[in-house]
Each structure stands twice: as structure tokens, then as C-alpha cells.
>>> print(open('target.cif').read())   # mmCIF, C-alpha atoms and all ligand atoms
data_upload
loop_
_atom_site.label_atom_id
_atom_site.label_comp_id
_atom_site.auth_asym_id
_atom_site.auth_seq_id
_atom_site.Cartn_x
_atom_site.Cartn_y
_atom_site.Cartn_z
CA MET A 1 0.00 0.00 0.00
CA LYS A 2 1.49 3.35 -1.03
CA ARG A 3 0.83 6.44 1.04
CA ILE A 4 0.11 9.83 -0.47
CA GLU A 5 -0.35 13.15 1.28
CA ALA A 6 -3.01 13.92 3.85
CA GLY A 7 -3.88 10.39 4.89
CA SER A 8 -4.77 8.96 1.48
CA PHE A 9 -3.32 5.64 0.35
CA TYR A 10 -3.62 3.15 -2.51
CA SER A 11 -2.45 -0.07 -4.08
CA TYR A 12 -3.93 0.95 -7.42
CA LEU A 13 -4.85 4.27 -9.04
CA SER A 14 -7.17 4.47 -12.03
CA GLU A 15 -6.21 6.88 -14.82
CA GLY A 16 -9.05 9.19 -13.67
CA CYS A 17 -7.58 9.31 -10.15
CA LYS A 18 -4.09 10.03 -11.47
CA ILE A 19 -5.35 13.06 -13.39
CA CYS A 20 -7.50 14.20 -10.46
CA ARG A 21 -4.47 14.08 -8.13
CA ARG A 22 -2.70 16.56 -10.40
CA GLY A 23 -5.69 18.93 -10.05
CA ALA A 24 -6.31 18.45 -13.78
CA LYS A 25 -9.85 16.99 -13.70
CA LEU A 26 -12.74 19.29 -14.39
CA VAL A 27 -15.83 18.30 -12.38
CA LEU A 28 -18.88 18.43 -14.62
CA PHE A 29 -22.10 18.31 -12.63
CA VAL A 30 -24.79 17.43 -15.18
CA THR A 31 -27.95 17.37 -13.07
CA GLY A 32 -28.98 17.56 -9.43
CA LYS A 33 -31.76 15.04 -10.05
CA CYS A 34 -31.41 11.49 -8.74
CA ARG A 35 -33.85 8.64 -8.04
CA SER A 36 -31.90 7.40 -5.01
CA SER A 37 -31.96 9.15 -1.69
CA CYS A 38 -28.76 8.26 0.14
CA TYR A 39 -28.86 9.76 3.64
CA TYR A 40 -25.16 10.67 3.23
CA CYS A 41 -25.57 12.45 -0.13
CA PRO A 42 -23.43 15.62 0.07
CA ILE A 43 -25.03 17.59 -2.82
CA SER A 44 -25.66 21.21 -1.86
CA GLU A 45 -29.13 22.68 -1.43
CA GLU A 46 -28.72 24.92 -4.49
CA LYS A 47 -28.13 21.87 -6.73
CA LYS A 48 -30.05 19.01 -5.10
CA GLY A 49 -33.05 17.90 -7.16
CA LYS A 50 -32.51 20.72 -9.65
CA ASP A 51 -31.69 20.19 -13.29
CA VAL A 52 -28.64 22.47 -13.32
CA VAL A 53 -25.24 22.05 -15.02
CA TYR A 54 -21.92 23.31 -13.64
CA ALA A 55 -18.34 22.96 -14.86
CA ASN A 56 -16.52 23.35 -11.51
CA GLU A 57 -18.00 26.64 -10.20
CA ARG A 58 -19.10 27.87 -13.65
CA PRO A 59 -22.81 27.65 -14.60
CA VAL A 60 -23.10 25.93 -17.99
CA ARG A 61 -25.54 26.94 -20.73
CA SER A 62 -23.65 25.51 -23.71
CA LEU A 63 -20.70 23.28 -24.61
CA GLU A 64 -18.77 26.53 -25.10
CA ASP A 65 -18.96 27.21 -21.33
CA ILE A 66 -17.41 23.80 -20.67
CA ALA A 67 -14.66 24.52 -23.23
CA GLU A 68 -13.91 27.83 -21.45
CA GLU A 69 -13.54 26.09 -18.10
CA ILE A 70 -11.30 23.43 -19.69
CA ASN A 71 -9.04 26.25 -20.92
CA ALA A 72 -9.18 28.14 -17.61
CA MET A 73 -7.69 25.16 -15.74
CA SER A 74 -5.83 23.46 -18.63
CA ALA A 75 -7.92 20.37 -17.88
CA GLU A 76 -6.63 16.96 -18.90
CA GLY A 77 -9.83 15.17 -17.99
CA ILE A 78 -13.50 15.49 -17.05
CA ALA A 79 -15.34 13.80 -14.16
CA ILE A 80 -19.05 13.58 -15.01
CA THR A 81 -21.14 13.55 -11.86
CA GLY A 82 -24.44 14.69 -10.33
CA GLY A 83 -27.08 13.75 -9.13
CA GLU A 84 -27.52 10.89 -11.50
CA PRO A 85 -25.78 11.59 -14.84
CA LEU A 86 -27.53 8.72 -16.63
CA LEU A 87 -30.87 10.52 -16.21
CA LYS A 88 -29.44 12.81 -18.91
CA LEU A 89 -27.87 10.17 -21.12
CA ASP A 90 -28.17 12.13 -24.39
CA TYR A 91 -26.48 15.17 -22.87
CA VAL A 92 -23.74 13.02 -21.34
CA LEU A 93 -23.09 11.39 -24.75
CA GLU A 94 -22.91 14.84 -26.38
CA VAL A 95 -20.33 16.00 -23.82
CA ILE A 96 -18.21 12.85 -24.13
CA GLU A 97 -18.17 13.16 -27.92
CA ALA A 98 -17.38 16.88 -27.83
CA PHE A 99 -14.39 16.46 -25.49
CA ASP A 100 -13.20 13.04 -26.58
CA ASP A 101 -9.56 14.16 -26.57
CA LEU A 102 -9.69 14.41 -22.74
CA HIS A 103 -9.87 11.50 -20.30
CA ILE A 104 -13.52 11.18 -19.19
CA HIS A 105 -14.84 9.24 -16.22
CA LEU A 106 -18.44 8.89 -15.10
CA TYR A 107 -20.04 8.29 -11.71
CA THR A 108 -23.33 6.43 -11.57
CA SER A 109 -25.52 4.58 -9.12
CA VAL A 110 -27.42 2.87 -11.96
CA PRO A 111 -26.65 -0.77 -12.84
CA ALA A 112 -26.70 0.24 -16.50
CA LYS A 113 -27.81 -2.07 -19.30
CA GLU A 114 -25.70 -3.08 -22.30
CA GLU A 115 -27.40 -0.65 -24.70
CA VAL A 116 -26.47 2.28 -22.43
CA ILE A 117 -22.90 1.17 -21.78
CA LYS A 118 -22.36 0.48 -25.49
CA LYS A 119 -23.44 4.05 -26.32
CA LEU A 120 -21.13 5.46 -23.64
CA ALA A 121 -18.22 3.39 -24.93
CA GLU A 122 -18.85 4.37 -28.53
CA ALA A 123 -19.00 8.04 -27.55
CA GLY A 124 -15.53 7.61 -25.99
CA LEU A 125 -16.06 7.12 -22.23
CA ASP A 126 -12.75 6.02 -20.66
CA GLU A 127 -13.72 5.06 -17.11
CA ILE A 128 -16.87 4.26 -15.10
CA ARG A 129 -17.40 4.09 -11.33
CA PHE A 130 -20.51 2.38 -9.99
CA HIS A 131 -21.87 3.34 -6.58
CA PRO A 132 -24.40 0.99 -4.98
CA PRO A 133 -26.51 3.34 -2.80
CA HIS A 134 -26.19 2.48 0.90
CA LEU A 135 -23.59 -0.10 -0.25
CA GLU A 136 -26.37 -2.64 -0.59
CA ASN A 137 -27.16 -5.01 -3.48
CA SER A 138 -23.72 -4.59 -5.00
CA GLU A 139 -24.23 -7.96 -6.75
CA ILE A 140 -26.74 -6.33 -9.15
CA TYR A 141 -23.82 -4.31 -10.63
CA ARG A 142 -21.86 -7.41 -11.66
CA GLU A 143 -23.42 -7.63 -15.11
CA SER A 144 -22.84 -3.90 -15.81
CA VAL A 145 -19.24 -4.24 -14.65
CA ARG A 146 -18.65 -7.13 -17.06
CA ILE A 147 -20.23 -5.26 -19.95
CA ALA A 148 -18.24 -2.08 -19.27
CA LYS A 149 -15.02 -4.13 -19.20
CA LYS A 150 -16.01 -5.89 -22.42
CA TYR A 151 -16.30 -2.49 -24.12
CA GLY A 152 -12.84 -1.50 -22.92
CA ILE A 153 -13.95 0.99 -20.24
CA GLU A 154 -11.80 1.05 -17.11
CA THR A 155 -14.24 -0.04 -14.39
CA GLY A 156 -14.49 0.35 -10.65
CA ILE A 157 -16.76 0.71 -7.65
CA GLU A 158 -16.68 3.95 -5.65
CA ILE A 159 -18.26 4.22 -2.21
CA PRO A 160 -18.14 6.35 0.92
CA ALA A 161 -16.67 4.52 3.93
CA ILE A 162 -19.89 4.10 5.93
CA LYS A 163 -19.66 0.36 6.65
CA TYR A 164 -17.76 -2.77 5.66
CA GLU A 165 -19.61 -4.99 3.15
CA GLU A 166 -18.06 -8.35 2.25
CA GLU A 167 -20.18 -8.49 -0.93
CA ILE A 168 -18.36 -5.45 -2.34
CA VAL A 169 -14.95 -7.02 -1.68
CA LYS A 170 -16.08 -10.21 -3.41
CA LEU A 171 -17.37 -8.30 -6.44
CA VAL A 172 -14.27 -6.16 -7.02
CA ASN A 173 -11.76 -8.98 -6.45
CA GLU A 174 -13.63 -11.52 -8.59
CA GLU A 175 -14.12 -9.07 -11.46
CA ASP A 176 -10.60 -7.64 -11.03
CA ILE A 177 -11.80 -4.03 -10.89
CA PHE A 178 -10.71 -1.16 -8.64
CA LEU A 179 -12.41 -0.03 -5.43
CA ASN A 180 -12.28 3.64 -4.50
CA VAL A 181 -13.31 4.37 -0.94
CA ASN A 182 -14.02 7.97 -0.01
CA GLU A 183 -13.66 9.13 3.54
CA LEU A 184 -17.22 9.99 4.61
CA GLU A 185 -17.67 13.73 4.30
CA PHE A 186 -20.02 16.00 6.21
CA SER A 187 -21.87 18.67 4.25
CA ALA A 188 -24.56 21.21 5.07
CA THR A 189 -27.18 18.86 3.58
CA ASN A 190 -26.19 15.54 5.21
CA TYR A 191 -25.03 16.84 8.59
CA LEU A 192 -28.18 16.00 10.54
CA GLU A 193 -28.56 12.54 9.00
CA LEU A 194 -24.93 11.65 9.76
CA GLU A 195 -25.21 12.94 13.32
CA LYS A 196 -28.40 10.97 13.85
CA ARG A 197 -26.45 7.82 12.94
CA GLY A 198 -23.72 8.61 15.46
CA TRP A 199 -21.04 10.01 13.18
CA GLU A 200 -18.90 12.75 14.67
CA ILE A 201 -17.42 15.56 12.63
CA GLY A 202 -13.63 15.98 12.43
CA GLU A 203 -11.40 18.97 11.79
CA PHE A 204 -11.75 18.81 8.00
CA TYR A 205 -15.47 17.90 7.90
CA GLU A 206 -14.55 14.22 7.71
CA ALA A 207 -16.54 11.68 9.71
CA LYS A 208 -14.35 10.40 12.55
CA ASN A 209 -13.65 6.65 12.30
CA SER A 210 -14.66 6.48 8.63
CA LYS A 211 -11.00 5.95 7.76
CA GLU A 212 -10.90 2.86 9.98
CA ILE A 213 -13.68 1.32 7.86
CA ALA A 214 -11.66 2.06 4.71
CA MET A 215 -8.69 0.25 6.29
CA LYS A 216 -10.73 -2.94 6.50
CA TYR A 217 -11.38 -2.80 2.75
CA ALA A 218 -7.70 -2.04 2.15
CA GLU A 219 -6.71 -5.32 3.83
CA LYS A 220 -8.87 -7.39 1.50
CA VAL A 221 -9.06 -5.59 -1.86
CA LYS A 222 -6.43 -6.05 -4.60
CA LYS A 223 -6.94 -2.74 -6.44
CA PHE A 224 -7.66 -0.29 -3.67
CA HIS A 225 -7.64 3.50 -3.22
CA PHE A 226 -8.67 5.53 -0.17
CA CYS A 227 -9.25 9.24 -0.77
CA SER A 228 -9.41 11.40 2.36
CA VAL A 229 -11.41 14.60 2.69
CA ARG A 230 -8.21 16.48 3.47
CA PHE A 231 -6.49 15.14 0.37
CA LYS A 232 -9.41 16.29 -1.79
CA ASP A 233 -9.04 19.76 -0.35
CA ILE A 234 -5.32 20.33 0.01
CA ALA A 235 -4.13 18.40 -3.02
CA GLN A 236 -6.80 18.17 -5.70
CA PHE A 237 -8.59 21.45 -5.12
CA ARG A 238 -5.49 23.49 -4.34
CA ARG A 239 -3.65 22.08 -7.35
CA ARG A 240 -6.55 23.00 -9.62
CA LEU A 241 -6.51 26.52 -8.19
CA ILE A 242 -2.79 26.83 -8.85
CA ARG A 243 -3.29 25.66 -12.46
CA MET A 244 -6.01 28.28 -12.85
CA GLY A 245 -3.93 31.00 -11.22
CA PHE A 246 -1.00 30.48 -13.57
CA ASN A 247 -3.33 30.70 -16.57
CA LEU A 248 -4.31 34.25 -15.58
CA PRO A 249 -2.38 37.27 -16.95
CA GLU A 250 1.11 37.60 -15.51
CA PHE A 251 0.34 40.55 -13.24
CA TYR A 252 -1.55 38.29 -10.77
CA LYS A 253 0.56 36.80 -7.98
CA VAL A 254 -0.29 33.13 -7.29
CA THR A 255 0.10 32.03 -3.64
CA SER A 256 1.06 28.52 -2.49
CA GLU A 257 -2.57 28.13 -1.37
CA GLY A 258 -3.74 28.63 -4.95
CA THR A 259 -5.30 32.04 -4.30
CA VAL A 260 -4.30 35.09 -6.34
CA LEU A 261 -3.23 38.55 -5.16
CA CYS A 262 -3.63 41.76 -7.15
CA GLY A 263 -4.33 45.46 -6.88
CA TYR A 264 -7.92 46.60 -7.29
CA LEU A 265 -9.28 50.00 -8.34
CA GLU A 266 -12.81 51.30 -7.85
CA GLY A 267 -14.40 54.58 -8.90
CA ASP A 268 -15.36 56.34 -12.13
CA LYS A 269 -14.83 53.46 -14.57
CA GLU A 270 -14.25 55.61 -17.63
CA LYS A 271 -11.65 57.68 -15.80
CA ILE A 272 -9.82 54.60 -14.50
CA ARG A 273 -9.83 52.96 -17.93
CA LYS A 274 -8.37 56.12 -19.45
CA ILE A 275 -5.59 56.40 -16.86
CA LEU A 276 -4.57 52.72 -17.15
CA THR A 277 -4.63 52.77 -20.95
CA SER A 278 -2.63 55.98 -21.19
CA MET A 279 0.01 54.54 -18.83
CA GLY A 280 0.13 51.22 -20.76
CA ILE A 281 -0.80 49.20 -17.64
CA ASP A 282 -2.14 45.63 -17.91
CA PHE A 283 -5.55 45.34 -16.26
CA PHE A 284 -8.66 43.21 -16.09
CA GLU A 285 -12.04 44.90 -15.91
CA THR A 286 -14.63 43.26 -13.61
CA ASP A 287 -18.27 44.33 -13.14
CA GLU A 288 -17.34 46.72 -10.34
CA GLY A 289 -13.71 47.65 -10.85
CA PHE A 290 -10.27 46.98 -12.32
CA GLU A 291 -7.69 44.39 -11.34
CA VAL A 292 -4.06 45.48 -11.76
CA SER A 293 -0.70 44.34 -10.42
CA MET A 294 -0.05 44.80 -6.70
CA GLU A 295 3.08 46.80 -7.53
CA PHE A 296 1.14 49.30 -9.63
CA ALA A 297 -1.52 49.70 -6.92
CA GLU A 298 1.08 50.19 -4.17
CA GLU A 299 3.26 52.62 -6.11
CA ASN A 300 0.38 54.75 -7.36
CA ALA A 301 -2.09 54.55 -4.46
CA GLU A 302 -1.66 58.15 -3.31
CA LYS A 303 -1.90 59.64 -6.79
CA LEU A 304 -4.98 57.57 -7.64
CA ARG A 305 -6.73 58.48 -4.39
CA LYS A 306 -6.28 62.15 -5.24
CA GLU A 307 -8.22 61.38 -8.45
CA GLY A 308 -11.06 59.98 -6.32
CA ILE A 309 -10.15 56.36 -7.04
CA GLU A 310 -10.27 53.76 -4.24
CA VAL A 311 -7.21 51.48 -4.18
CA TYR A 312 -7.15 48.01 -2.59
CA ILE A 313 -5.10 44.84 -2.41
CA VAL A 314 -7.36 41.89 -3.11
CA GLU A 315 -6.92 38.16 -2.48
CA ARG A 316 -9.38 35.92 -4.31
CA TYR A 317 -9.83 32.47 -5.80
CA PRO A 318 -8.89 32.24 -9.50
CA THR A 319 -12.22 30.45 -10.11
CA TYR A 320 -15.11 31.56 -12.32
CA ASN A 321 -17.01 32.96 -9.31
CA ARG A 322 -13.90 34.95 -8.24
CA LEU A 323 -14.61 34.17 -4.58
CA LEU A 324 -13.17 37.02 -2.52
CA ILE A 325 -10.98 36.20 0.48
CA SER A 326 -9.90 39.69 1.47
CA LYS A 327 -10.05 43.28 0.23
CA THR A 328 -7.68 45.62 2.05
CA PRO A 329 -7.69 49.39 1.36
CA LEU A 330 -4.28 50.94 0.61
CA ARG A 331 -3.81 54.11 2.62
C1 LIG B 1 -22.25 12.30 -4.97
S1 LIG B 1 -22.17 10.89 -6.02
C2 LIG B 1 -22.90 11.49 -7.53
C3 LIG B 1 -22.91 10.53 -8.68
C4 LIG B 1 -23.84 9.32 -8.56
N1 LIG B 1 -25.13 9.66 -8.11
C5 LIG B 1 -23.24 8.29 -7.63
O1 LIG B 1 -23.82 8.10 -6.56
O2 LIG B 1 -22.22 7.72 -8.00
C6 LIG B 1 -20.44 10.78 -6.43
C7 LIG B 1 -19.62 9.91 -5.51
O3 LIG B 1 -19.64 10.46 -4.20
C8 LIG B 1 -19.62 9.42 -3.25
N2 LIG B 1 -20.25 9.94 -2.03
C9 LIG B 1 -21.57 10.14 -1.81
N3 LIG B 1 -21.76 10.70 -0.60
C10 LIG B 1 -20.55 10.86 -0.03
C11 LIG B 1 -20.09 11.43 1.23
N4 LIG B 1 -20.93 11.95 2.12
N5 LIG B 1 -18.76 11.42 1.47
C12 LIG B 1 -17.89 10.93 0.56
N6 LIG B 1 -18.25 10.42 -0.64
C13 LIG B 1 -19.56 10.38 -0.94
C14 LIG B 1 -20.38 8.29 -3.92
O4 LIG B 1 -19.91 7.04 -3.47
C15 LIG B 1 -20.07 8.48 -5.39
O5 LIG B 1 -19.02 7.65 -5.77
S1 LIG B 2 -26.95 8.08 -5.76
FE1 LIG B 2 -25.37 9.69 -5.74
S2 LIG B 2 -26.46 11.65 -6.17
FE2 LIG B 2 -28.02 10.06 -5.75
S3 LIG B 2 -28.52 10.37 -3.60
FE3 LIG B 2 -26.91 8.78 -3.68
S4 LIG B 2 -24.93 9.89 -3.53
FE4 LIG B 2 -26.53 11.42 -3.98
#
>>> encode(input="target.cif", output="C-alpha cells")
Amino acid sequence: MKRIEAGSFYSYLSEGCKICRRGAKLVLFVTGKCRSSCYYCPISEEKKGKDVVYANERPVRSLEDIAEEINAMSAEGIAITGGEPLLKLDYVLEVIEAFDDLHIHLYTSVPAKEEVIKKLAEAGLDEIRFHPPHLENSEIYRESVRIAKKYGIETGIEIPAIKYEEEIVKLVNEEDIFLNVNELEFSATNYLELEKRGWEIGEFYEAKNSKEIAMKYAEKVKKFHFCSVRFKDIAQFRRRLIRMGFNLPEFYKVTSEGTVLCGYLEGDKEKIRKILTSMGIDFFETDEGFEVSMEFAEENAEKLRKEGIEVYIVERYPTYNRLLISKTPLR
């Protein structure tokens, strides 16, 4: 068993996991709808049950939006998730075909039939991960697993570590497929249900003792991977942020946390635009203001203030929603 950062370990990593570890997988959420109702489902309130599409944080209206997010993070792969992606099979096929040059993996809780898997394979799906809700009836996925393998799709089972089920171990070892076990994660939507069942929340929103359940699988499963909540956050997410940060214009400073720092100007937009253009300064215009280099903001703060322009240093995420971490006025 090899150890990776933040408590994760594996004996086998699927291609999808390898790309995800580099922060190079775009998460494509294709619908919030799902026919199962797992008590541990972490989907947020704004997405649950709603037929919405997001590429990472970016709302998607067309394939063009997905292409923009791919460029923003230099994605090498796409993870198609939900809700239940197979409720929107035609859309999923369209996406797989459109971005066939990237590695694409799909999550599903449906024991899909041959006609569905054949279509996915022909569209170019590379990897599939079945999730038996509540970890029950895993045997009903055996046929789908065999079909997916027959069509050359890398196949696995992916589950949260809520309990140990011998039937899952039997299935993955007999079919020689991988088992991904996620550390059970608390979210705003599953918190009460997890608490009701005795789970306690840890420092990183992980369920305490969930890792110990994963260990039991690790002892028995040939192709095994445990992904911790902390690893998802500090490695995958932070690495994606860093990729996104370095794709921004050079005047942004990328921190080791994956956030970006820049100067920020607010005031009469026409006036600011004129000043920056006449000085030949690189800038990015947002709805409310102008992002510039920190050096420019610091060196010119006094002069700009005299022109009635507010000057700040801003730290934000390099994501589509530009989540603000801090906005400090320069005096
Ligand atoms: C949220 S589901 C969405 C896709 C599909 N409905 C499914 O269940 O596979 C994606 C993955 O998250 C895992 N998962 C669900 N709830 C979880 C939780 N609270 N903590 C960690 N992983 C979880 C599932 O095992 C599944 O592999
Ligand atoms: S099958 Fe997946 S999306 Fe549906 S309720 Fe369970 S975890 Fe959530």
C-alpha cells in the first residue's frame, strides 16, 4: 500500500484518479436530479433535485462554457457527476463526444444495461465508477461491470466509507476491478442525517472513524484506493486553483494556497480605464472595478486616491465565481 499526502493511500490508481491528483480533472455536474436518496448524499441545497449544469464553479448553458472552463484550468480530464448523470444520457453522450480528446470518467448509481454502456463506450467514455446506494445489493452491478469491461472501459466501484460490506470485496476482487473508498464527508445537507447515525465531525469535515472502515477494505481488496477529505481539499482542489492561477495574466501573484493577489481600483470606470490605458498598464475589468498588479496599486495609491479612485489589495480564488478572500484598502 502506497501512502500519499493527507492520509490517502492506494495499491492501485485508475487513470481518472491520477489526473485528479494533479488537479487536472474538471468536475462536470450534469444534473442535481437522482432517483436514489442516500442519507449521506453531500449535494448542496442549491443543486439538489434541480436540473442544473456546472463545470466546476461555472454555470453551464452551452458546450462553449465547458470549453472555457477546460481552458481556464488546462484540464486533462472530465469527471461527469451529479445527481444521477444517466438521467441525462443524451447530454452526457454529447459532452463525451465533444471532449473526446480528454480522459472522461463517469459516476453512476445505476446498474446500467448493455445498450447504455455500449453508447457510452462508442461516444468515448474512458472510465466508469458504480456506486451501490447504501452499499447494498452490489451484486446487481456485476453484469454492468462485465459489460463495461467488455467495451474497454476502465471499471471500478466507488463508495463512501460508511460500513464494511463483504459483498463489495467479493465483487471487485472476482471481477478484477478497482475499489475507490471515499472518507465519509459532512456537508450542510447531510449533517443531521450523519449525526443521527452517530457520526462525529472531524477537523476537515470528515466523519471520525470512517478511515478505519476504509482500512478494512484495504486489507482485503487487490486494487484499492482511499481518498481522504483532506487530500481532496489540500491536493486536488489546491492544485486545480494553482493551475487556474498560472493561466491568468502575468500581473496576478499566485500564492502557495492557490489564491491570487492583485491590486484593485474602484471609482469612475471611464476615468480609471483612461488612466490605465494611457500609462500602458495591464488590467482586467470586472463588473465593479479593475484588477491590476499589486506593484502598480502600491506605487500609485496616493496619486490615484487624489483622483477619487479607491485602491485596494485583493486576495481571491482564481475560479469563475472569483470568490473574494480579502479586500484591504491601501492608505
Ligand atoms: C455524490 S455521487 C454522484 C454521482 C452518482 N449519483 C453516484 O452516486 O455515483 C459521487 C460519488 O460520491 C460518493 N459519495 C456520496 N456521498 C458521499 C459522502 N458523504 N462522502 C464521501 N463520498 C460520498 C459516492 O460514493 C459516489 O461515488
Ligand atoms: S446516488 Fe449519488 S447523487 Fe443520488 S442520492 Fe446517492 S450519492 Fe446522492
>>> residues_near_ligand(input="target.cif", ligand="ligand LIG 1 (chain B)", cutoff="7 Å", atoms="only C-alpha atoms and all ligand atoms", output="list in words")
Cys34, Tyr40, Cys41, Pro42, Ile43, Thr81, Gly82, Gly83, Glu84, Pro85, Tyr107, Thr108, Ser109, Arg129, Phe130, His131, Pro133, Glu158, Ile159, Pro160, Asn182, Glu183, Leu184, Glu185 and Phe186 of chain A
>>> atom_distance(input="target.cif", atom1="CA of Leu102 (chain A)", atom2="CA of Lys25 (chain A)")
9.4 Å
>>> residues_around(input="target.cif", residues="Ile128 (chain A)", least_positions_apart="4", cutoff="7 Å", atoms="only C-alpha atoms", output="PDB file with C-alpha atoms, in the frame of the given file")
ATOM      1  CA  HIS A 105     -14.840   9.240 -16.220  1.00  0.00           C
ATOM      2  CA  LEU A 106     -18.440   8.890 -15.100  1.00  0.00           C
ATOM      3  CA  TYR A 107     -20.040   8.290 -11.710  1.00  0.00           C
ATOM      4  CA  ILE A 153     -13.950   0.990 -20.240  1.00  0.00           C
ATOM      5  CA  GLU A 154     -11.800   1.050 -17.110  1.00  0.00           C
ATOM      6  CA  THR A 155     -14.240  -0.040 -14.390  1.00  0.00           C
ATOM      7  CA  GLY A 156     -14.490   0.350 -10.650  1.00  0.00           C
TER       8      GLY A 156
END
>>> residues_around(input="target.cif", residues="Asp176 (chain A)", least_positions_apart="4", cutoff="8 Å", atoms="only C-alpha atoms", output="ChimeraX atom specification")
/A:172,222-223
>>> residues_around(input="target.cif", residues="Ile281 (chain A)", least_positions_apart="5", cutoff="12 Å", atoms="all atoms listed in the file", output="list in words")
Glu250, Phe251, Gly263, Ile272, Arg273, Lys274, Ile275, Leu276, Phe290, Glu291, Val292, Ser293, Met294, Glu295, Phe296, Ala297 and Asn300 of chain A
>>> residues_around(input="target.cif", residues="region 205-215 of chain A", least_positions_apart="6", cutoff="10 Å", atoms="all atoms listed in the file", output="MDAnalysis selection string")
chainID A and resid 7:9 159:165 180:187 191 194:195 198:199 224:230
>>> atom_distance(input="target.cif", atom1="CA of Ala121 (chain A)", atom2="CA of Leu89 (chain A)")
12.4 Å
